[in-house]
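Comments concern the structure below.
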Number of protein chains: 2
Amino acid sequence: VVRRLTTLDQVLEAITTMQVRGAPLIGVCAGYGLCLAARADDSDAAIAGAAAALLQTRPTAVNLRFTVDEVSLAALQSPRGERARAAYARAGALADAEVAACRAIGDHGLALIQAAHTQGRGARPVNVLTHCNAGRLATLEYGTALAPIYRAHEIGLPVHVWVDETRPRNQGWLTAWELAEAGVPHTVIPDTAAGHLLLRGEVDLVMVGTDRTTCQGDVCNKIGTLLTALAAKEARVPFYAAVPSSSIDWATTDPQTIPIEERDGDEVRWVWGREEQGREARIRPGQAGAAVRNPAFDVTPARLVTGLITERGIAGASEKGLLRLFPDRRR
Amino acid sequence: VVRRLTTLDQVLEAITTMQVRGAPLIGVCAGYGLCLAARADDSDAAIAGAAAALLQTRPTAVNLRFTVDEVSLAALQSPRGERARAAYARAGALADAEVAACRAIGDHGLALIQAAHTQGRGARPVNVLTHCNAGRLATLEYGTALAPIYRAHEIGLPVHVWVDETRPRNQGWLTAWELAEAGVPHTVIPDTAAGHLLLRGEVDLVMVGTDRTTCQGDVCNKIGTLLTALAAKEARVPFYAAVPSSSIDWATTDPQTIPIEERDGDEVRWVWGREEQGREARIRPGQAGAAVRNPAFDVTPARLVTGLITERGIAGASEKGLLRLFPDRRR
């Protein structure tokens, strides 16, 4: 569904209810939300109020704060009457930067798939396992974790994707949808099956996105990523996160302090989809009033991460590794 | 739903379609299936045919083979005309043994919950995480992994259960249903959340059932158990499997040779449940024709297992540990 968002309130609702999701897309969408607010009222108070409301929509993805801060600053540094235009210019530049970052991540990640193909002597497609959706539905144009896969497919390198269903919101089905659109071979699996496939040698690489990666290389991503990383470690399969620099949290050193969003329990109690005849419906596999818990993210410690695929190249999952590629961030 | 099965074919269908599931219950149900067959025709050929058909229903749970072999033998050792009666006697004795095993597992496992309660200085309920359903819906009367929890609740020890949803068949909702019936506090979580809760210190013990445990202590259980065990190891949380001796495979030493059932992909494509108004329905979160993979079990290597709760006590997850409690199995 393509929705046209024309007011700040619509943007707030779209982000909160996950009509848009995926850290880079949330960030860019929030940036434009601020533009819409500034267009309606470009006073300091209105811009600050819009920024505060946007920051409250979802707590975990760091792109949101980054983009809202940047666009607010651009607006507030301009005289009134020119603020909306300045905000749009900055939001547009950040959106372009996300597209460029995804493209570069695709190229850097492609090398990993090529290496796996060579190592497997080309005998079978390279099997990449991914969790959640870090493709074009979560970003702009290319995706982060899926960008290397799209690049591989484009150049004719045989690749097959294991797609974790990603309960409770089933974003794996978004990944399956966009891979099908692009003609990339893939297989959806229950999240529970990832360990079995990894330990039985059916996965060559794990590639996931991130909502926030600390400057020490700890990867906060969709709930369940941690389990996949633990199994990859056990199976000695490389585990990579695709990390545009907008997702790097340069301020947080203790990953335990990252706020982990707890979402509505109905996301666990009910499953949304289509009935046999195509009608949209939700069903509950269990009791309607059951107690549930619904944390939306988890943190994969850096030591489980083989590397971080950034737009500047592949970094070791450590402060040293990241600063080598981002020396401008040295404090 | 309580179903009355009166023919071998009904038993075969009930096991194959998972109207009955859970290794101990599959075993006992198959035993009585053989009785029904013998009642209809007690020739050698009919009994052998029934046994072969029962063994083909589901490949992974070892209880099935154990019970079918025992009941067939009892029938075939008797003269014709008395075979059905002999089969019923043996099936009944095995069913009684399962009940006694569950009861004893409950007592042995209770000590672990008591120890966790003491260790936590009684400051909060003991948090036990379980996967799938190893309660009374999977066994006879008490359950295996849930038996210690029921015992703890009976004696007033505060216990709270984290219930993995257990995709794709959502047996966690069976566990939630029976815990609710018994008044045991519990919370259902997506399978993806288990790692996060374990690593954040919200779990004191993991207790799961098993469909087959090798004589070296490798635990084959519902798909996803392996991921839970890896996270428990990472979090230094004890991981126990409740293993009635009918689930021990004394013949298999290489867990890679355990046949892992691959079930119909529609179990992944569709989710069954009830609509808002209570009507039963199935919905698909994604594309109807998507490629999926649906392995039903995985193997948790013995080194990730803290101990095996058997009816004779708690064994180390090793051949030595098991033979200490089952010296009659020494070869």
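In the structure tokens, the first chain shown is A, the next is B, and so on; residue numbers restart at 1 for each chain, and ligands run from 1 in the order shown.
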Would you please give, as a VMD selection string, all residues of range 24-257 of chain A that DSSP assigns to strand (DSSP E or B) based on the backbone? chain A and resid 126 to 130 159 to 164 186 to 189 205 to 208 212 to 214 219 to 222 239 to 242 248 to 249
If we count only C-alpha atoms and set the cut-off at 10 Å, which residues sit around Pro59 in chain A, ignoring sequence neighbours fewer than 6 positions away in its own chain? Please answer as a ChimeraX atom specification. /A:65,258-262
Rounded to one decimal, what separation in Å do you get between CA of Asp42 in chain B and CA of Ala95 in chain B?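 CA of Asp42 in chain B sits 21.5 Å away from CA of Ala95 in chain B.
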Select all residues from chain A having any atom no more than 8 Å from an atom of chain B (counting only C-alpha atoms, ignoring ligands), output as a ChimeraX atom specification. /A:166-168,170,173-174,176-177,186-196,223-228,230-231,268,271-276,281-287,290-295,298-299
Suppose we keep C-alpha atoms; can you now write the selection as a PDB file, in the first residue's frame?
ATOM      1  CA  THR A 166      10.346 -12.846  12.289  1.00  0.00           C
ATOM      2  CA  ARG A 167       7.568 -13.127  14.807  1.00  0.00           C
ATOM      3  CA  PRO A 168       5.583 -11.389  16.043  1.00  0.00           C
ATOM      4  CA  ASN A 170       6.214 -11.351  10.438  1.00  0.00           C
ATOM      5  CA  TRP A 173       7.019 -12.018   4.708  1.00  0.00           C
ATOM      6  CA  LEU A 174       7.893  -8.486   3.575  1.00  0.00           C
ATOM      7  CA  ALA A 176       9.856 -12.706   0.866  1.00  0.00           C
ATOM      8  CA  TRP A 177       7.563 -10.347  -1.038  1.00  0.00           C
ATOM      9  CA  HIS A 186      14.308 -17.632  -1.244  1.00  0.00           C
ATOM     10  CA  THR A 187      12.647 -19.843   1.346  1.00  0.00           C
ATOM     11  CA  VAL A 188      10.695 -18.669   4.375  1.00  0.00           C
ATOM     12  CA  ILE A 189      11.380 -20.504   7.635  1.00  0.00           C
ATOM     13  CA  PRO A 190       9.958 -20.246  11.134  1.00  0.00           C
ATOM     14  CA  ASP A 191      12.388 -18.353  13.372  1.00  0.00           C
ATOM     15  CA  THR A 192      12.750 -21.558  15.345  1.00  0.00           C
ATOM     16  CA  ALA A 193      14.375 -23.319  12.368  1.00  0.00           C
ATOM     17  CA  ALA A 194      17.376 -21.013  11.973  1.00  0.00           C
ATOM     18  CA  GLY A 195      19.550 -22.905  14.465  1.00  0.00           C
ATOM     19  CA  HIS A 196      18.880 -26.262  12.841  1.00  0.00           C
ATOM     20  CA  ILE A 223      14.018  -9.293  18.332  1.00  0.00           C
ATOM     21  CA  GLY A 224      15.456 -12.724  17.519  1.00  0.00           C
ATOM     22  CA  THR A 225      18.622 -11.492  15.845  1.00  0.00           C
ATOM     23  CA  LEU A 226      20.596 -12.456  18.953  1.00  0.00           C
ATOM     24  CA  LEU A 227      19.473 -16.097  18.697  1.00  0.00           C
ATOM     25  CA  THR A 228      20.515 -16.197  15.058  1.00  0.00           C
ATOM     26  CA  LEU A 230      24.448 -17.311  18.715  1.00  0.00           C
ATOM     27  CA  ALA A 231      23.636 -20.135  16.322  1.00  0.00           C
ATOM     28  CA  VAL A 268       1.649 -11.462  19.991  1.00  0.00           C
ATOM     29  CA  VAL A 271      -1.752 -12.733  13.804  1.00  0.00           C
ATOM     30  CA  TRP A 272      -2.705 -10.556  10.866  1.00  0.00           C
ATOM     31  CA  GLY A 273      -3.046 -11.824   7.334  1.00  0.00           C
ATOM     32  CA  ARG A 274      -5.455 -12.882   4.641  1.00  0.00           C
ATOM     33  CA  GLU A 275      -8.073 -15.577   4.671  1.00  0.00           C
ATOM     34  CA  GLU A 276      -8.466 -18.190   1.981  1.00  0.00           C
ATOM     35  CA  ALA A 281      -8.388 -10.748   8.983  1.00  0.00           C
ATOM     36  CA  ARG A 282      -6.694 -11.394  12.263  1.00  0.00           C
ATOM     37  CA  ILE A 283      -6.849 -14.605  14.240  1.00  0.00           C
ATOM     38  CA  ARG A 284      -5.629 -15.634  17.655  1.00  0.00           C
ATOM     39  CA  PRO A 285      -3.854 -18.974  17.986  1.00  0.00           C
ATOM     40  CA  GLY A 286      -4.531 -18.941  21.734  1.00  0.00           C
ATOM     41  CA  GLN A 287      -6.484 -17.263  24.475  1.00  0.00           C
ATOM     42  CA  ALA A 290      -3.363 -14.265  27.781  1.00  0.00           C
ATOM     43  CA  ALA A 291      -0.445 -12.497  29.417  1.00  0.00           C
ATOM     44  CA  VAL A 292       2.222 -11.838  26.808  1.00  0.00           C
ATOM     45  CA  ARG A 293       5.503  -9.974  26.536  1.00  0.00           C
ATOM     46  CA  ASN A 294       6.572  -8.221  23.351  1.00  0.00           C
ATOM     47  CA  PRO A 295      10.055  -6.722  23.327  1.00  0.00           C
ATOM     48  CA  ASP A 298      17.533  -7.370  21.211  1.00  0.00           C
ATOM     49  CA  VAL A 299      21.244  -6.664  21.330  1.00  0.00           C
TER      50      VAL A 299
END
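By only C-alpha atoms, and with residues fewer than 4 positions from Leu205 in chain A along its chain excluded, the set lying at most 7 Å from it is Asn127, Val128, Leu129, Val237, Pro238 and Phe239 of chain A.
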When distances are computed from only C-alpha atoms, which of A:Ala241, A:Ala251, A:Ile26, A:Ala111 shows the smallest separation from His131 in chain A?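 Closest residue, counting only C-alpha atoms: A:Ala241.
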What's around Thr210 in chain A at 7 Å? Count only C-alpha atoms, leave out sequence neighbours fewer than 3 positions away in its own chain, and write the answer as a list in words. Thr213, Val219, Cys220, Asn221, Ala241, Ala242, Val243 and Ser247 of chain A
Give chain A as a short mmCIF file (atom, residue, chain, number, x, y, z; two decimals) with C-alpha atoms, in the first residue's frame once it has been least-squares superposed onto chain B over every C-alpha atom, paired in order.
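Result file is part.cif:
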data_model
loop_
_atom_site.label_atom_id
_atom_site.label_comp_id
_atom_site.auth_asym_id
_atom_site.auth_seq_id
_atom_site.Cartn_x
_atom_site.Cartn_y
_atom_site.Cartn_z
CA VAL A 1 -11.50 -31.49 21.94
CA VAL A 2 -11.80 -35.05 23.25
CA ARG A 3 -11.83 -37.58 20.43
CA ARG A 4 -12.62 -41.26 20.80
CA LEU A 5 -10.41 -43.34 18.50
CA THR A 6 -11.83 -46.78 17.73
CA THR A 7 -9.89 -47.95 14.68
CA LEU A 8 -6.26 -48.18 13.65
CA ASP A 9 -6.91 -45.74 10.80
CA GLN A 10 -8.25 -43.15 13.19
CA VAL A 11 -5.14 -43.53 15.34
CA LEU A 12 -2.87 -43.19 12.31
CA GLU A 13 -4.66 -40.02 11.27
CA ALA A 14 -4.66 -38.57 14.78
CA ILE A 15 -0.89 -39.03 15.09
CA THR A 16 -0.02 -37.87 11.56
CA THR A 17 -2.12 -34.71 11.72
CA MET A 18 -0.98 -33.97 15.28
CA GLN A 19 -4.42 -34.33 16.86
CA VAL A 20 -2.31 -36.12 19.43
CA ARG A 21 1.26 -34.93 19.80
CA GLY A 22 4.00 -35.04 22.37
CA ALA A 23 6.39 -37.98 22.36
CA PRO A 24 4.98 -39.89 25.39
CA LEU A 25 1.38 -39.45 24.25
CA ILE A 26 2.21 -40.45 20.67
CA GLY A 27 3.83 -43.58 22.06
CA VAL A 28 0.92 -44.62 24.26
CA CYS A 29 -1.62 -43.73 21.59
CA ALA A 30 0.25 -45.85 19.04
CA GLY A 31 0.35 -48.72 21.55
CA TYR A 32 -3.43 -48.64 21.81
CA GLY A 33 -3.63 -48.29 18.03
CA LEU A 34 -1.95 -51.67 17.82
CA CYS A 35 -4.47 -53.06 20.30
CA LEU A 36 -7.31 -51.82 18.10
CA ALA A 37 -5.70 -53.48 15.09
CA ALA A 38 -5.23 -56.76 16.97
CA ARG A 39 -8.83 -56.67 18.10
CA ALA A 40 -9.95 -56.47 14.47
CA ASP A 41 -7.49 -59.08 13.16
CA ASP A 42 -4.89 -60.79 15.32
CA SER A 43 -2.95 -62.57 12.55
CA ASP A 44 0.83 -62.12 12.42
CA ALA A 45 0.43 -60.22 9.16
CA ALA A 46 -2.18 -57.83 10.52
CA ILE A 47 -0.13 -57.04 13.61
CA ALA A 48 3.06 -56.55 11.62
CA GLY A 49 1.18 -54.38 9.14
CA ALA A 50 -0.31 -52.24 11.88
CA ALA A 51 3.09 -51.85 13.54
CA ALA A 52 4.69 -50.78 10.25
CA ALA A 53 1.92 -48.26 9.55
CA LEU A 54 2.21 -46.79 13.05
CA LEU A 55 5.99 -46.49 12.78
CA GLN A 56 5.57 -44.49 9.58
CA THR A 57 3.32 -41.84 11.07
CA ARG A 58 6.08 -39.73 12.55
CA PRO A 59 9.78 -40.47 12.37
CA THR A 60 11.43 -38.55 15.17
CA ALA A 61 9.92 -39.46 18.56
CA VAL A 62 11.56 -42.66 19.77
CA ASN A 63 8.68 -43.45 22.16
CA LEU A 64 6.64 -44.49 19.15
CA ARG A 65 9.02 -47.29 18.19
CA PHE A 66 9.52 -48.33 21.80
CA THR A 67 5.80 -48.70 22.52
CA VAL A 68 4.88 -50.27 19.19
CA ASP A 69 7.69 -52.81 19.55
CA GLU A 70 6.69 -53.69 23.11
CA VAL A 71 2.98 -54.05 22.38
CA SER A 72 3.58 -56.02 19.15
CA LEU A 73 5.87 -58.39 20.99
CA ALA A 74 3.32 -58.96 23.76
CA ALA A 75 0.65 -59.72 21.17
CA LEU A 76 2.77 -62.01 19.03
CA GLN A 77 4.02 -63.97 22.04
CA SER A 78 0.42 -64.93 22.86
CA PRO A 79 -1.67 -67.52 21.05
CA ARG A 80 -4.26 -66.23 18.61
CA GLY A 81 -7.50 -65.35 20.27
CA GLU A 82 -5.61 -63.94 23.27
CA ARG A 83 -3.46 -61.44 21.43
CA ALA A 84 -5.69 -58.40 21.71
CA ARG A 85 -6.01 -58.96 25.45
CA ALA A 86 -2.21 -59.31 25.79
CA ALA A 87 -1.68 -56.17 23.74
CA TYR A 88 -4.08 -54.18 25.93
CA ALA A 89 -2.36 -55.44 29.06
CA ARG A 90 1.05 -54.34 27.79
CA ALA A 91 -0.23 -51.01 26.46
CA GLY A 92 -1.91 -50.35 29.79
CA ALA A 93 1.25 -51.18 31.71
CA LEU A 94 3.28 -48.82 29.50
CA ALA A 95 0.69 -46.07 29.97
CA ASP A 96 0.85 -46.56 33.73
CA ALA A 97 4.63 -46.44 33.54
CA GLU A 98 4.44 -43.10 31.69
CA VAL A 99 2.20 -41.67 34.39
CA ALA A 100 4.59 -42.87 37.08
CA ALA A 101 7.57 -41.49 35.14
CA CYS A 102 5.94 -38.06 34.83
CA ARG A 103 5.17 -38.07 38.56
CA ALA A 104 8.77 -38.97 39.43
CA ILE A 105 10.14 -36.38 36.98
CA GLY A 106 7.94 -33.84 38.74
CA ASP A 107 9.49 -34.68 42.08
CA HIS A 108 13.09 -34.68 40.85
CA GLY A 109 12.59 -31.47 38.87
CA LEU A 110 10.90 -29.79 41.82
CA ALA A 111 14.22 -29.88 43.65
CA LEU A 112 15.73 -27.72 40.90
CA ILE A 113 12.98 -25.12 41.23
CA GLN A 114 13.35 -25.18 45.02
CA ALA A 115 17.10 -24.66 44.69
CA ALA A 116 16.55 -21.72 42.32
CA HIS A 117 14.06 -20.24 44.77
CA THR A 118 16.53 -20.52 47.64
CA GLN A 119 19.33 -19.10 45.50
CA GLY A 120 17.14 -16.11 44.61
CA ARG A 121 16.42 -15.73 48.34
CA GLY A 122 12.74 -16.06 47.53
CA ALA A 123 12.68 -12.44 46.42
CA ARG A 124 10.71 -13.20 43.29
CA PRO A 125 8.98 -16.15 41.67
CA VAL A 126 11.26 -18.66 40.01
CA ASN A 127 11.13 -17.90 36.29
CA VAL A 128 11.14 -21.05 34.20
CA LEU A 129 11.25 -20.81 30.41
CA THR A 130 9.80 -23.64 28.37
CA HIS A 131 9.46 -24.40 24.67
CA CYS A 132 6.63 -26.23 22.94
CA ASN A 133 4.24 -28.25 25.12
CA ALA A 134 5.51 -30.97 27.39
CA GLY A 135 2.58 -30.92 29.75
CA ARG A 136 -0.48 -33.03 30.24
CA LEU A 137 -1.62 -32.45 26.66
CA ALA A 138 1.59 -34.12 25.47
CA THR A 139 1.80 -36.95 27.98
CA LEU A 140 -0.45 -38.64 30.49
CA GLU A 141 -1.74 -36.70 33.47
CA TYR A 142 1.30 -34.65 34.56
CA GLY A 143 3.58 -33.84 31.69
CA THR A 144 7.34 -34.05 31.62
CA ALA A 145 8.87 -30.56 31.53
CA LEU A 146 5.76 -29.08 33.16
CA ALA A 147 5.54 -31.70 35.91
CA PRO A 148 8.09 -29.96 38.19
CA ILE A 149 6.24 -26.68 37.61
CA TYR A 150 2.89 -28.21 38.58
CA ARG A 151 4.52 -29.72 41.68
CA ALA A 152 6.03 -26.37 42.66
CA HIS A 153 2.68 -24.66 42.22
CA GLU A 154 0.95 -27.37 44.28
CA ILE A 155 3.24 -26.85 47.25
CA GLY A 156 2.95 -23.07 47.06
CA LEU A 157 6.40 -22.31 45.69
CA PRO A 158 6.04 -19.13 43.60
CA VAL A 159 6.79 -19.96 39.99
CA HIS A 160 6.23 -18.07 36.74
CA VAL A 161 6.59 -19.64 33.31
CA TRP A 162 7.84 -17.94 30.14
CA VAL A 163 6.11 -19.83 27.35
CA ASP A 164 7.72 -19.81 23.90
CA GLU A 165 4.98 -19.49 21.28
CA THR A 166 6.73 -22.32 19.36
CA ARG A 167 6.18 -21.61 15.71
CA PRO A 168 5.00 -22.94 13.40
CA ARG A 169 2.38 -25.01 15.25
CA ASN A 170 2.11 -22.69 18.24
CA GLN A 171 2.15 -25.42 20.86
CA GLY A 172 3.11 -22.73 23.35
CA TRP A 173 -0.56 -21.78 23.34
CA LEU A 174 -1.37 -25.32 24.49
CA THR A 175 1.07 -24.82 27.34
CA ALA A 176 -0.53 -21.46 28.15
CA TRP A 177 -3.96 -23.08 28.11
CA GLU A 178 -3.06 -25.84 30.52
CA LEU A 179 -1.09 -23.55 32.83
CA ALA A 180 -4.11 -21.23 32.95
CA GLU A 181 -6.36 -24.19 33.80
CA ALA A 182 -4.04 -25.03 36.67
CA GLY A 183 -3.71 -21.43 37.81
CA VAL A 184 0.04 -21.23 37.20
CA PRO A 185 1.25 -17.69 36.37
CA HIS A 186 2.74 -17.53 32.88
CA THR A 187 3.53 -15.21 29.99
CA VAL A 188 3.58 -16.13 26.32
CA ILE A 189 6.48 -14.76 24.28
CA PRO A 190 7.42 -14.96 20.62
CA ASP A 191 10.20 -17.52 20.15
CA THR A 192 12.39 -14.64 19.04
CA ALA A 193 12.25 -13.07 22.52
CA ALA A 194 13.79 -15.97 24.46
CA GLY A 195 17.39 -14.81 23.92
CA HIS A 196 16.66 -11.28 25.08
CA LEU A 197 14.92 -12.42 28.28
CA LEU A 198 17.66 -14.95 29.06
CA LEU A 199 20.49 -12.45 28.53
CA ARG A 200 18.69 -9.80 30.60
CA GLY A 201 18.48 -12.11 33.62
CA GLU A 202 14.74 -12.69 33.50
CA VAL A 203 14.99 -16.49 33.41
CA ASP A 204 16.23 -18.74 36.22
CA LEU A 205 15.83 -22.14 34.58
CA VAL A 206 15.00 -23.58 31.18
CA MET A 207 13.00 -26.81 31.15
CA VAL A 208 11.95 -28.58 27.98
CA GLY A 209 10.72 -32.00 26.94
CA THR A 210 12.26 -34.29 24.36
CA ASP A 211 11.17 -36.49 21.49
CA ARG A 212 14.35 -38.51 21.58
CA THR A 213 17.47 -38.18 23.69
CA THR A 214 20.50 -40.17 22.65
CA CYS A 215 22.37 -42.33 25.13
CA GLN A 216 25.08 -39.66 25.02
CA GLY A 217 22.71 -36.95 26.18
CA ASP A 218 21.98 -35.11 22.93
CA VAL A 219 18.43 -33.80 23.16
CA CYS A 220 16.23 -33.92 20.08
CA ASN A 221 13.16 -31.79 20.69
CA LYS A 222 10.74 -29.42 18.96
CA ILE A 223 12.37 -27.07 16.47
CA GLY A 224 13.76 -24.00 18.25
CA THR A 225 14.91 -25.79 21.38
CA LEU A 226 18.50 -25.54 20.17
CA LEU A 227 18.32 -21.73 19.98
CA THR A 228 16.96 -21.59 23.51
CA ALA A 229 19.77 -23.84 24.73
CA LEU A 230 22.42 -21.69 23.04
CA ALA A 231 21.00 -18.58 24.68
CA ALA A 232 20.79 -20.30 28.07
CA LYS A 233 24.46 -21.29 27.75
CA GLU A 234 25.38 -17.71 26.85
CA ALA A 235 23.39 -16.43 29.83
CA ARG A 236 24.73 -19.14 32.17
CA VAL A 237 21.18 -20.23 32.93
CA PRO A 238 20.72 -23.96 33.60
CA PHE A 239 19.09 -25.87 30.74
CA TYR A 240 17.30 -29.11 31.65
CA ALA A 241 15.42 -31.61 29.53
CA ALA A 242 12.76 -33.79 31.15
CA VAL A 243 13.40 -37.26 29.76
CA PRO A 244 11.23 -40.26 30.64
CA SER A 245 13.22 -43.38 29.85
CA SER A 246 10.80 -44.16 27.02
CA SER A 247 12.34 -41.17 25.21
CA ILE A 248 15.93 -42.38 25.53
CA ASP A 249 17.36 -43.80 22.32
CA TRP A 250 19.94 -46.28 23.60
CA ALA A 251 20.95 -47.28 20.07
CA THR A 252 21.81 -43.95 18.46
CA THR A 253 25.22 -42.49 19.20
CA ASP A 254 25.48 -40.01 16.32
CA PRO A 255 22.71 -37.42 16.72
CA GLN A 256 23.16 -36.44 13.06
CA THR A 257 21.53 -39.75 12.16
CA ILE A 258 18.26 -38.95 13.95
CA PRO A 259 15.62 -38.51 11.24
CA ILE A 260 14.30 -34.96 11.44
CA GLU A 261 10.73 -34.85 10.24
CA GLU A 262 10.04 -32.27 7.52
CA ARG A 263 6.37 -31.37 7.68
CA ASP A 264 3.96 -29.79 5.22
CA GLY A 265 4.89 -26.23 4.25
CA ASP A 266 1.32 -25.07 4.77
CA GLU A 267 2.03 -25.24 8.50
CA VAL A 268 4.37 -22.27 7.90
CA ARG A 269 2.31 -20.50 5.24
CA TRP A 270 -0.91 -20.55 7.26
CA VAL A 271 -1.67 -19.79 10.89
CA TRP A 272 -4.65 -21.46 12.49
CA GLY A 273 -6.75 -19.88 15.19
CA ARG A 274 -9.97 -18.10 15.97
CA GLU A 275 -11.35 -14.89 14.59
CA GLU A 276 -12.67 -12.05 16.70
CA GLN A 277 -16.09 -13.74 16.98
CA GLY A 278 -14.63 -17.10 17.87
CA ARG A 279 -14.98 -18.74 14.47
CA GLU A 280 -12.10 -21.06 13.55
CA ALA A 281 -10.10 -19.84 10.59
CA ARG A 282 -6.69 -19.85 9.05
CA ILE A 283 -4.89 -16.85 7.63
CA ARG A 284 -1.67 -16.39 5.72
CA PRO A 285 0.65 -13.58 6.78
CA GLY A 286 2.37 -13.74 3.39
CA GLN A 287 2.13 -15.14 -0.10
CA ALA A 288 0.14 -18.36 -0.48
CA GLY A 289 2.60 -19.95 -2.88
CA ALA A 290 5.83 -19.01 -1.09
CA ALA A 291 8.65 -21.52 -0.78
CA VAL A 292 8.98 -22.56 2.84
CA ARG A 293 10.91 -25.10 4.88
CA ASN A 294 9.42 -26.80 7.92
CA PRO A 295 11.74 -29.04 9.92
CA ALA A 296 9.88 -30.15 13.04
CA PHE A 297 12.79 -30.88 15.39
CA ASP A 298 16.35 -29.96 16.14
CA VAL A 299 19.11 -31.49 18.21
CA THR A 300 20.65 -29.75 21.20
CA PRO A 301 24.15 -31.13 21.73
CA ALA A 302 24.77 -32.66 25.15
CA ARG A 303 27.38 -30.03 26.01
CA LEU A 304 24.63 -27.38 26.10
CA VAL A 305 22.50 -29.47 28.46
CA THR A 306 22.92 -29.00 32.20
CA GLY A 307 21.11 -32.21 33.05
CA LEU A 308 18.42 -34.72 32.14
CA ILE A 309 15.49 -35.07 34.53
CA THR A 310 14.54 -38.75 34.35
CA GLU A 311 12.14 -40.78 36.47
CA ARG A 312 15.16 -42.17 38.32
CA GLY A 313 16.71 -38.81 39.13
CA ILE A 314 18.73 -36.12 37.40
CA ALA A 315 21.41 -37.48 35.09
CA GLY A 316 24.37 -35.71 33.59
CA ALA A 317 23.87 -35.28 29.84
CA SER A 318 26.34 -38.02 28.92
CA GLU A 319 26.50 -41.77 28.49
CA LYS A 320 28.17 -41.98 31.89
CA GLY A 321 25.47 -39.88 33.50
CA LEU A 322 22.64 -41.90 32.00
CA LEU A 323 24.22 -45.29 32.73
CA ARG A 324 24.71 -44.33 36.36
CA LEU A 325 20.89 -44.16 36.65
CA PHE A 326 20.16 -46.93 34.14
CA PRO A 327 22.90 -49.53 34.83
CA ASP A 328 20.64 -52.19 33.30
CA ARG A 329 21.33 -50.55 29.93
CA ARG A 330 25.09 -51.09 30.13
CA ARG A 331 26.19 -53.12 27.12
#
